[in-house]
Structure formats: structure tokens, C-alpha cells
$ cat input-v9.cif   # mmCIF, C-alpha atoms and all ligand atoms
data_run
loop_
_atom_site.label_atom_id
_atom_site.label_comp_id
_atom_site.auth_asym_id
_atom_site.auth_seq_id
_atom_site.Cartn_x
_atom_site.Cartn_y
_atom_site.Cartn_z
CA MET L 1 93.49 78.20 86.26
CA LEU L 2 89.83 78.82 87.05
CA ARG L 3 87.38 79.55 84.25
CA LEU L 4 86.43 82.53 86.39
CA HIS L 5 89.30 84.21 84.59
CA ASN L 6 86.99 84.67 81.62
CA ARG L 7 84.35 86.55 83.61
CA PRO L 8 85.76 90.11 83.61
CA ARG L 9 82.54 91.78 84.65
CA LEU L 10 82.11 89.49 87.63
CA LEU L 11 85.75 89.97 88.64
CA GLU L 12 85.48 93.72 88.20
CA GLY L 13 82.51 93.69 90.60
CA ALA L 14 84.51 91.66 93.11
CA TYR L 15 87.38 94.15 92.83
CA ARG L 16 85.06 97.12 93.44
CA ARG L 17 83.47 95.46 96.45
CA SER L 18 86.85 94.43 97.92
CA ARG L 19 88.09 97.98 97.57
CA ARG L 20 85.04 99.34 99.35
CA ILE L 21 85.35 96.78 102.17
CA LEU L 22 89.09 97.31 102.67
CA ARG L 23 89.15 101.12 102.49
CA PRO L 24 88.09 101.75 106.14
CA PHE L 25 91.01 99.57 107.33
CA ARG L 26 93.71 101.37 105.36
CA ARG L 27 95.25 102.99 108.45
CA TRP L 28 96.44 99.52 109.50
CA MET L 29 97.91 98.80 106.09
CA VAL L 30 101.56 99.44 106.72
CA PRO L 31 104.20 98.10 104.32
CA GLY L 32 106.46 95.63 106.10
CA SER L 33 103.99 95.06 108.96
CA LYS L 34 102.43 91.79 110.12
CA VAL L 35 99.26 92.89 108.37
CA GLU L 36 101.19 92.86 105.13
CA ILE L 37 102.34 89.28 105.76
CA VAL L 38 98.67 88.25 105.90
CA PHE L 39 97.79 90.26 102.80
CA VAL L 40 100.68 88.76 100.84
CA ALA L 41 99.64 85.21 101.79
CA VAL L 42 96.01 85.81 100.81
CA GLU L 43 96.89 87.61 97.58
CA ARG L 44 99.37 84.93 96.60
CA MET L 45 96.78 82.24 97.11
CA LEU L 46 93.64 83.89 95.72
CA LYS L 47 95.06 85.96 92.89
CA GLY L 48 97.48 83.19 92.05
CA PHE L 49 94.59 80.80 91.69
CA ILE L 50 92.35 83.09 89.67
CA PHE L 51 94.78 85.24 87.67
CA ASP L 52 98.07 83.35 87.82
CA CYS L 53 99.34 86.41 89.70
CA ARG L 54 103.14 86.89 89.76
CA MET L 55 103.07 89.17 92.82
CA CYS L 56 104.47 92.23 91.08
CA GLY L 57 103.09 94.42 93.87
CA GLN L 58 101.64 96.96 91.44
CA CYS L 59 98.37 95.44 90.40
CA VAL L 60 96.87 96.66 87.15
CA LEU L 61 94.28 93.93 86.74
CA HIS L 62 91.37 96.37 86.59
CA SER L 63 93.26 98.43 83.98
CA ALA L 64 93.94 95.40 81.81
CA GLY L 65 90.59 93.66 81.39
CA MET L 66 91.04 91.79 84.70
CA THR L 67 93.93 89.99 82.97
CA CYS L 68 97.38 89.87 84.53
CA PRO L 69 99.89 91.44 82.11
CA MET L 70 102.74 89.71 83.94
CA ASN L 71 101.73 86.53 82.14
CA CYS L 72 102.89 88.13 78.89
CA PRO L 73 106.30 86.49 78.23
CA LYS L 74 107.75 89.98 77.73
CA GLU L 75 105.99 91.18 80.90
CA MET L 76 104.72 94.19 79.00
CA ARG L 77 102.79 96.66 81.10
CA ASN L 78 101.60 98.45 77.98
CA GLY L 79 100.70 96.10 75.20
CA PRO L 80 100.39 94.48 72.87
CA CYS L 81 103.86 94.47 71.37
CA GLY L 82 104.42 94.55 67.63
CA GLY L 83 104.81 90.81 67.31
CA VAL L 84 101.28 89.49 67.67
CA GLY L 85 100.56 86.85 65.02
CA ALA L 86 97.72 87.29 62.52
CA ASP L 87 95.87 84.58 64.45
CA GLY L 88 96.38 86.45 67.74
CA SER L 89 99.25 84.26 68.90
CA CYS L 90 102.25 85.35 70.97
CA GLU L 91 105.54 85.64 69.07
CA ILE L 92 107.53 84.26 72.01
CA VAL L 93 105.21 81.35 72.83
CA PRO L 94 103.34 80.68 69.57
CA ASP L 95 100.83 78.24 71.05
CA MET L 96 99.68 80.91 73.50
CA GLU L 97 97.15 83.63 72.74
CA CYS L 98 98.49 87.16 73.20
CA GLU L 99 97.75 88.17 76.79
CA TRP L 100 97.09 91.74 75.72
CA LEU L 101 94.64 90.66 73.05
CA ARG L 102 92.72 88.84 75.78
CA ALA L 103 93.02 91.88 78.02
CA TRP L 104 91.54 94.12 75.32
CA GLU L 105 88.65 91.75 74.60
CA ARG L 106 87.85 91.36 78.29
CA SER L 107 88.11 95.10 78.92
CA ARG L 108 85.28 95.61 76.40
CA GLU L 109 83.01 93.56 78.68
CA MET L 110 83.74 95.61 81.78
CA ARG L 111 81.34 98.23 83.05
CA PHE L 112 83.44 100.60 85.15
CA TYR L 113 87.16 100.30 84.47
CA GLY L 114 87.24 98.98 80.90
CA ASP L 115 88.61 102.17 79.36
CA GLU L 116 91.54 102.28 81.79
CA ILE L 117 93.29 99.97 79.36
CA LEU L 118 93.77 103.07 77.20
CA HIS L 119 95.94 104.74 79.87
CA ALA L 120 99.70 104.25 79.77
CA GLN L 121 101.00 102.31 82.77
CA ALA L 122 104.16 103.35 84.57
CA PRO L 123 107.18 101.04 84.36
CA LEU L 124 107.36 98.34 87.02
CA ASN L 125 109.01 99.17 90.31
CA HIS L 126 110.87 95.91 90.90
CA ARG L 127 111.38 96.79 94.55
CA LEU L 128 107.70 96.05 95.07
CA GLN L 129 108.02 92.46 93.83
CA GLY L 130 106.51 90.05 96.38
CA SER L 131 104.79 92.76 98.42
CA SER L 132 101.06 93.35 98.83
CA ALA L 133 99.52 95.11 95.84
CA TRP L 134 96.49 96.10 97.93
CA ILE L 135 98.62 97.78 100.57
CA ASN L 136 100.82 99.44 97.95
CA ASP L 137 97.68 100.75 96.33
CA PHE L 138 96.17 102.13 99.53
CA VAL L 139 99.39 103.80 100.71
CA GLY L 140 99.92 105.31 97.25
CA VAL L 141 103.17 103.51 96.40
CA ALA L 142 101.75 101.48 93.54
CA GLY L 143 100.63 104.46 91.46
CA LYS L 144 103.79 106.48 92.00
CA THR L 145 105.70 106.98 88.77
CA PRO L 146 109.47 107.25 88.75
CA ASP L 147 110.85 110.79 88.61
CA GLY L 148 110.87 112.16 85.11
CA TRP L 149 108.62 109.43 83.68
CA GLY L 150 105.91 110.52 81.28
CA GLU L 151 107.17 114.10 80.89
S1 LIG O 201 99.34 92.81 87.94
FE1 LIG O 201 100.84 92.18 89.52
S2 LIG O 201 99.68 91.99 91.45
FE2 LIG O 201 98.17 92.08 89.75
S3 LIG O 201 97.72 89.95 89.27
FE3 LIG O 201 99.43 90.56 87.92
S4 LIG O 201 101.35 90.06 89.01
FE4 LIG O 201 99.62 89.98 90.48
#
$ encode --input "input-v9.cif" --output "C-alpha cells"
Amino acid sequence: MLRLHNRPRLLEGAYRRSRRILRPFRRWMVPGSKVEIVFVAVERMLKGFIFDCRMCGQCVLHSAGMTCPMNCPKEMRNGPCGGVGADGSCEIVPDMECEWLRAWERSREMRFYGDEILHAQAPLNHRLQGSSAWINDFVGVAGKTPDGWGE
């Protein structure tokens, strides 16, 4: 994985710029369209390279210190769990640092979205697995919480 991973402020800036650039094209962002095929290929390659993205389709990178929570062995969307070691290690994979600990540390370096880590994330919608997180975000599917959640 690229060392870029440890540059949350830089990545946050790239996210903000990408969002601004893509916004005018959102009318062509249709789930299941050929445009989505292109988005999925690009996301898989770029985000896979930089963040070890697992293509959950509901990207919360900017709400988790530009750290992909799907790399947590428990795939926790709201972390950390109660099993973090005193040295910051993961209880499932002890030679790995807790992904959420990293997320918290990186979020403190961010300028615009750092405090979003304090917001509770909705449970994963597994139907979005493998789809474009950008398109899901722009069409409003990604942020939709299941009925009755959070009440
Ligand atoms: S949160 Fe989902 S879309 Fe974003 S990098 Fe992680 S697996 Fe990929």
C-alpha cells in the first residue's frame, strides 16, 4: 500500500476536489449504467491502491480519518471495539494496529471532515457491495439508513 495512506490532510483535499469536479456530472451517474462500470473500475484500481478499498459501495473514508474501516477484521463501521490491546493492537490480528485507532489519529490531522468520525455510521447495506461509492453518494443511496435505524 502507498505511504500516501498516512497523509490524511492531502487525501482529504483530494476528496474535496474530486467531489467538486464530479458534482456537475451527477445527472449521468445512474446506478447500473455504463458510467457506473467505468466508475467501479477506476474506484477499484485507485482506492484499492491507496486505501486497500474493499468496494463496500458506501464510502466513509472522509468520516474515518481517510482510513478504510473495512480493513478492520470485524468490519466495524463504528469503532473501535472493546478489544483493542494496551499497545493499540487488534484483538483478532494481534500484529496489526487497530484500524480505528489509526482512523482517530488521522482524523485529528484533517481540516474539514475530521470531526465526522464522532458521528454514528449506519449499518452496511450489503446490496451495495461492488458498486460505485461515488455514484451511490451522489444519488443519495449511500447515506440512506435502513427504516427504523437510529430511532
Ligand atoms: S469505505 Fe467502502 S468504498 Fe470506501 S474505501 Fe472502504 S471499502 Fe472502499
$ atom_distance --input "input-v9.cif" --atom1 "atom S1 of ligand LIG 201 (chain O)" --atom2 "atom CA of Arg7 of chain L"
16.8 Å
$ closest_atom_pairs --input "input-v9.cif" --of "chain L" --to "ligand LIG 201 (chain O)" --cutoff "8 Å" --atoms "all atoms listed in the file" --output "Markdown table"
| residue | atom | partner | partner_atom | distance |
| --- | --- | --- | --- | --- |
| L:Glu43 | CA | O:LIG201 | FE4 | 8.0 |
| L:Arg44 | CA | O:LIG201 | FE4 | 7.9 |
| L:Lys47 | CA | O:LIG201 | S3 | 6.0 |
| L:Gly48 | CA | O:LIG201 | FE4 | 7.3 |
| L:Phe51 | CA | O:LIG201 | S3 | 5.8 |
| L:Asp52 | CA | O:LIG201 | S3 | 6.8 |
| L:Cys53 | CA | O:LIG201 | FE4 | 3.7 |
| L:Arg54 | CA | O:LIG201 | S4 | 3.7 |
| L:Met55 | CA | O:LIG201 | FE4 | 4.2 |
| L:Cys56 | CA | O:LIG201 | FE1 | 4.0 |
| L:Gly57 | CA | O:LIG201 | S2 | 4.8 |
| L:Gln58 | CA | O:LIG201 | FE1 | 5.2 |
| L:Cys59 | CA | O:LIG201 | FE2 | 3.4 |
| L:Val60 | CA | O:LIG201 | S1 | 4.6 |
| L:Leu61 | CA | O:LIG201 | FE2 | 5.3 |
| L:Thr67 | CA | O:LIG201 | S3 | 7.4 |
| L:Cys68 | CA | O:LIG201 | FE3 | 4.0 |
| L:Pro69 | CA | O:LIG201 | FE3 | 5.9 |
| L:Met70 | CA | O:LIG201 | FE3 | 5.2 |
| L:Asn71 | CA | O:LIG201 | FE3 | 7.4 |
| L:Ser132 | CA | O:LIG201 | S2 | 7.6 |
| L:Ala133 | CA | O:LIG201 | S2 | 5.4 |
$ residues_around --input "input-v9.cif" --residues "segment 134-144 of chain L" --least-positions-apart "5" --cutoff "10 Å" --atoms "only C-alpha atoms" --output "list in words"
Ser18, Arg19, Leu22, Arg23, Phe25, Arg26, Arg27, Trp28, Met29, Val30, Pro31, Gly32, Val35, Glu36, Phe39, Val40, Glu43, Cys56, Gly57, Gln58, Cys59, Val60, Gln121, Ala122, Pro123, Leu124, Asn125 and Leu128 of chain L
$ closest_residue --input "input-v9.cif" --among "L:Cys72, L:Ile37, L:Leu101, L:Met45" --to "Gly85 of chain L" --atoms "all atoms listed in the file"
L:Leu101
$ atom_distance --input "input-v9.cif" --atom1 "atom CA of Glu109 of chain L" --atom2 "atom CA of Arg77 of chain L"
20.2 Å
$ residues_around --input "input-v9.cif" --residues "Gly114 of chain L" --least-positions-apart "3" --cutoff "8 Å" --atoms "only C-alpha atoms" --output "ChimeraX atom specification"
/L:62-65,107-111,117
$ closest_residue --input "input-v9.cif" --among "L:Glu75, L:Ala103, L:Val93, L:Phe49" --to "Leu4 of chain L" --atoms "all atoms listed in the file"
L:Phe49
$ closest_residue --input "input-v9.cif" --among "L:Gly88, L:Pro80, L:Pro73, L:Gly130" --to "Leu118 of chain L" --atoms "all atoms listed in the file"
L:Pro80
$ atom_distance --input "input-v9.cif" --atom1 "atom CA of Arg127 of chain L" --atom2 "atom CA of Leu46 of chain L"
22.0 Å
$ closest_residue --input "input-v9.cif" --among "L:Pro24, L:Gly13, L:Gly148, L:Gly83" --to "Trp100 of chain L" --atoms "all atoms listed in the file"
L:Gly83
$ residues_around --input "input-v9.cif" --residues "Val84 of chain L" --least-positions-apart "5" --cutoff "12 Å" --atoms "only C-alpha atoms" --output "PyMOL selection string"
chain L and resi 72+74+79+89-102
$ closest_residue --input "input-v9.cif" --among "L:Thr145, L:Glu12, L:Phe112, L:Ser131" --to "Ser33 of chain L" --atoms "all atoms listed in the file"
L:Ser131
$ closest_residue --input "input-v9.cif" --among "L:His119, L:Ile50, L:Asn78, L:Val42" --to "His5 of chain L" --atoms "all atoms listed in the file"
L:Ile50
$ decode --input "input-v9.cif" --residues "segment 105-131 of chain L" --atoms "N, CA, C and O atoms" --output "PDB file, in the first residue's frame"
ATOM      1  N   GLU L 105      -6.434   8.855  14.963  1.00  0.00           N
ATOM      2  CA  GLU L 105      -5.225   9.684  14.895  1.00  0.00           C
ATOM      3  C   GLU L 105      -5.194  10.501  13.608  1.00  0.00           C
ATOM      4  O   GLU L 105      -4.867  11.683  13.607  1.00  0.00           O
ATOM      5  N   ARG L 106      -5.537   9.874  12.506  1.00  0.00           N
ATOM      6  CA  ARG L 106      -5.519  10.590  11.223  1.00  0.00           C
ATOM      7  C   ARG L 106      -6.617  11.657  11.166  1.00  0.00           C
ATOM      8  O   ARG L 106      -6.424  12.709  10.572  1.00  0.00           O
ATOM      9  N   SER L 107      -7.756  11.358  11.783  1.00  0.00           N
ATOM     10  CA  SER L 107      -8.851  12.337  11.739  1.00  0.00           C
ATOM     11  C   SER L 107      -8.443  13.634  12.431  1.00  0.00           C
ATOM     12  O   SER L 107      -8.916  14.709  12.079  1.00  0.00           O
ATOM     13  N   ARG L 108      -7.549  13.534  13.424  1.00  0.00           N
ATOM     14  CA  ARG L 108      -7.099  14.730  14.154  1.00  0.00           C
ATOM     15  C   ARG L 108      -6.231  15.631  13.281  1.00  0.00           C
ATOM     16  O   ARG L 108      -5.998  16.792  13.609  1.00  0.00           O
ATOM     17  N   GLU L 109      -5.724  15.094  12.187  1.00  0.00           N
ATOM     18  CA  GLU L 109      -4.888  15.882  11.270  1.00  0.00           C
ATOM     19  C   GLU L 109      -5.705  16.540  10.168  1.00  0.00           C
ATOM     20  O   GLU L 109      -5.200  17.369   9.431  1.00  0.00           O
ATOM     21  N   MET L 110      -6.953  16.150  10.056  1.00  0.00           N
ATOM     22  CA  MET L 110      -7.781  16.659   8.954  1.00  0.00           C
ATOM     23  C   MET L 110      -8.333  18.052   9.271  1.00  0.00           C
ATOM     24  O   MET L 110      -8.519  18.412  10.429  1.00  0.00           O
ATOM     25  N   ARG L 111      -8.589  18.801   8.210  1.00  0.00           N
ATOM     26  CA  ARG L 111      -9.006  20.185   8.395  1.00  0.00           C
ATOM     27  C   ARG L 111     -10.517  20.363   8.312  1.00  0.00           C
ATOM     28  O   ARG L 111     -11.088  21.190   8.989  1.00  0.00           O
ATOM     29  N   PHE L 112     -11.180  19.581   7.459  1.00  0.00           N
ATOM     30  CA  PHE L 112     -12.602  19.832   7.188  1.00  0.00           C
ATOM     31  C   PHE L 112     -13.545  18.756   7.729  1.00  0.00           C
ATOM     32  O   PHE L 112     -14.613  19.056   8.214  1.00  0.00           O
ATOM     33  N   TYR L 113     -13.165  17.505   7.583  1.00  0.00           N
ATOM     34  CA  TYR L 113     -14.097  16.426   7.928  1.00  0.00           C
ATOM     35  C   TYR L 113     -13.691  15.630   9.174  1.00  0.00           C
ATOM     36  O   TYR L 113     -14.340  14.645   9.497  1.00  0.00           O
ATOM     37  N   GLY L 114     -12.638  16.060   9.831  1.00  0.00           N
ATOM     38  CA  GLY L 114     -12.085  15.277  10.949  1.00  0.00           C
ATOM     39  C   GLY L 114     -13.104  14.906  12.018  1.00  0.00           C
ATOM     40  O   GLY L 114     -13.106  13.781  12.518  1.00  0.00           O
ATOM     41  N   ASP L 115     -14.006  15.835  12.342  1.00  0.00           N
ATOM     42  CA  ASP L 115     -14.954  15.552  13.428  1.00  0.00           C
ATOM     43  C   ASP L 115     -16.106  14.649  13.002  1.00  0.00           C
ATOM     44  O   ASP L 115     -16.914  14.234  13.836  1.00  0.00           O
ATOM     45  N   GLU L 116     -16.186  14.322  11.715  1.00  0.00           N
ATOM     46  CA  GLU L 116     -17.235  13.387  11.281  1.00  0.00           C
ATOM     47  C   GLU L 116     -17.039  11.999  11.880  1.00  0.00           C
ATOM     48  O   GLU L 116     -17.961  11.194  11.900  1.00  0.00           O
ATOM     49  N   ILE L 117     -15.852  11.745  12.365  1.00  0.00           N
ATOM     50  CA  ILE L 117     -15.596  10.447  12.997  1.00  0.00           C
ATOM     51  C   ILE L 117     -16.439  10.294  14.271  1.00  0.00           C
ATOM     52  O   ILE L 117     -16.665   9.179  14.751  1.00  0.00           O
ATOM     53  N   LEU L 118     -16.941  11.402  14.785  1.00  0.00           N
ATOM     54  CA  LEU L 118     -17.761  11.360  16.005  1.00  0.00           C
ATOM     55  C   LEU L 118     -19.216  10.987  15.704  1.00  0.00           C
ATOM     56  O   LEU L 118     -19.986  10.708  16.606  1.00  0.00           O
ATOM     57  N   HIS L 119     -19.597  10.998  14.417  1.00  0.00           N
ATOM     58  CA  HIS L 119     -20.975  10.660  14.046  1.00  0.00           C
ATOM     59  C   HIS L 119     -21.130   9.148  13.877  1.00  0.00           C
ATOM     60  O   HIS L 119     -20.265   8.488  13.310  1.00  0.00           O
ATOM     61  N   ALA L 120     -22.253   8.628  14.338  1.00  0.00           N
ATOM     62  CA  ALA L 120     -22.506   7.192  14.175  1.00  0.00           C
ATOM     63  C   ALA L 120     -22.822   6.882  12.714  1.00  0.00           C
ATOM     64  O   ALA L 120     -23.600   7.593  12.078  1.00  0.00           O
ATOM     65  N   GLN L 121     -22.194   5.862  12.186  1.00  0.00           N
ATOM     66  CA  GLN L 121     -22.437   5.442  10.808  1.00  0.00           C
ATOM     67  C   GLN L 121     -23.552   4.391  10.769  1.00  0.00           C
ATOM     68  O   GLN L 121     -23.635   3.546  11.654  1.00  0.00           O
ATOM     69  N   ALA L 122     -24.343   4.467   9.725  1.00  0.00           N
ATOM     70  CA  ALA L 122     -25.413   3.481   9.545  1.00  0.00           C
ATOM     71  C   ALA L 122     -24.808   2.111   9.265  1.00  0.00           C
ATOM     72  O   ALA L 122     -23.675   2.021   8.788  1.00  0.00           O
ATOM     73  N   PRO L 123     -25.546   1.050   9.548  1.00  0.00           N
ATOM     74  CA  PRO L 123     -25.053  -0.290   9.205  1.00  0.00           C
ATOM     75  C   PRO L 123     -24.848  -0.403   7.700  1.00  0.00           C
ATOM     76  O   PRO L 123     -25.481   0.312   6.926  1.00  0.00           O
ATOM     77  N   LEU L 124     -23.982  -1.313   7.308  1.00  0.00           N
ATOM     78  CA  LEU L 124     -23.702  -1.518   5.882  1.00  0.00           C
ATOM     79  C   LEU L 124     -24.915  -2.066   5.151  1.00  0.00           C
ATOM     80  O   LEU L 124     -25.600  -2.936   5.661  1.00  0.00           O
ATOM     81  N   ASN L 125     -25.128  -1.552   3.957  1.00  0.00           N
ATOM     82  CA  ASN L 125     -26.130  -2.129   3.069  1.00  0.00           C
ATOM     83  C   ASN L 125     -25.371  -3.069   2.134  1.00  0.00           C
ATOM     84  O   ASN L 125     -24.731  -2.626   1.183  1.00  0.00           O
ATOM     85  N   HIS L 126     -25.431  -4.347   2.394  1.00  0.00           N
ATOM     86  CA  HIS L 126     -24.619  -5.306   1.629  1.00  0.00           C
ATOM     87  C   HIS L 126     -25.032  -5.401   0.164  1.00  0.00           C
ATOM     88  O   HIS L 126     -24.286  -5.912  -0.651  1.00  0.00           O
ATOM     89  N   ARG L 127     -26.196  -4.872  -0.159  1.00  0.00           N
ATOM     90  CA  ARG L 127     -26.611  -4.874  -1.571  1.00  0.00           C
ATOM     91  C   ARG L 127     -25.750  -3.924  -2.401  1.00  0.00           C
ATOM     92  O   ARG L 127     -25.747  -3.991  -3.620  1.00  0.00           O
ATOM     93  N   LEU L 128     -25.061  -3.016  -1.729  1.00  0.00           N
ATOM     94  CA  LEU L 128     -24.239  -2.048  -2.456  1.00  0.00           C
ATOM     95  C   LEU L 128     -22.816  -2.554  -2.690  1.00  0.00           C
ATOM     96  O   LEU L 128     -22.034  -1.889  -3.363  1.00  0.00           O
ATOM     97  N   GLN L 129     -22.498  -3.711  -2.148  1.00  0.00           N
ATOM     98  CA  GLN L 129     -21.155  -4.291  -2.319  1.00  0.00           C
ATOM     99  C   GLN L 129     -20.793  -4.376  -3.801  1.00  0.00           C
ATOM    100  O   GLN L 129     -21.568  -4.880  -4.619  1.00  0.00           O
ATOM    101  N   GLY L 130     -19.624  -3.853  -4.155  1.00  0.00           N
ATOM    102  CA  GLY L 130     -19.134  -3.937  -5.533  1.00  0.00           C
ATOM    103  C   GLY L 130     -19.633  -2.827  -6.451  1.00  0.00           C
ATOM    104  O   GLY L 130     -19.234  -2.753  -7.607  1.00  0.00           O
ATOM    105  N   SER L 131     -20.499  -1.958  -5.926  1.00  0.00           N
ATOM    106  CA  SER L 131     -20.993  -0.850  -6.762  1.00  0.00           C
ATOM    107  C   SER L 131     -20.157   0.406  -6.513  1.00  0.00           C
ATOM    108  O   SER L 131     -19.281   0.428  -5.642  1.00  0.00           O
TER     109      SER L 131
END
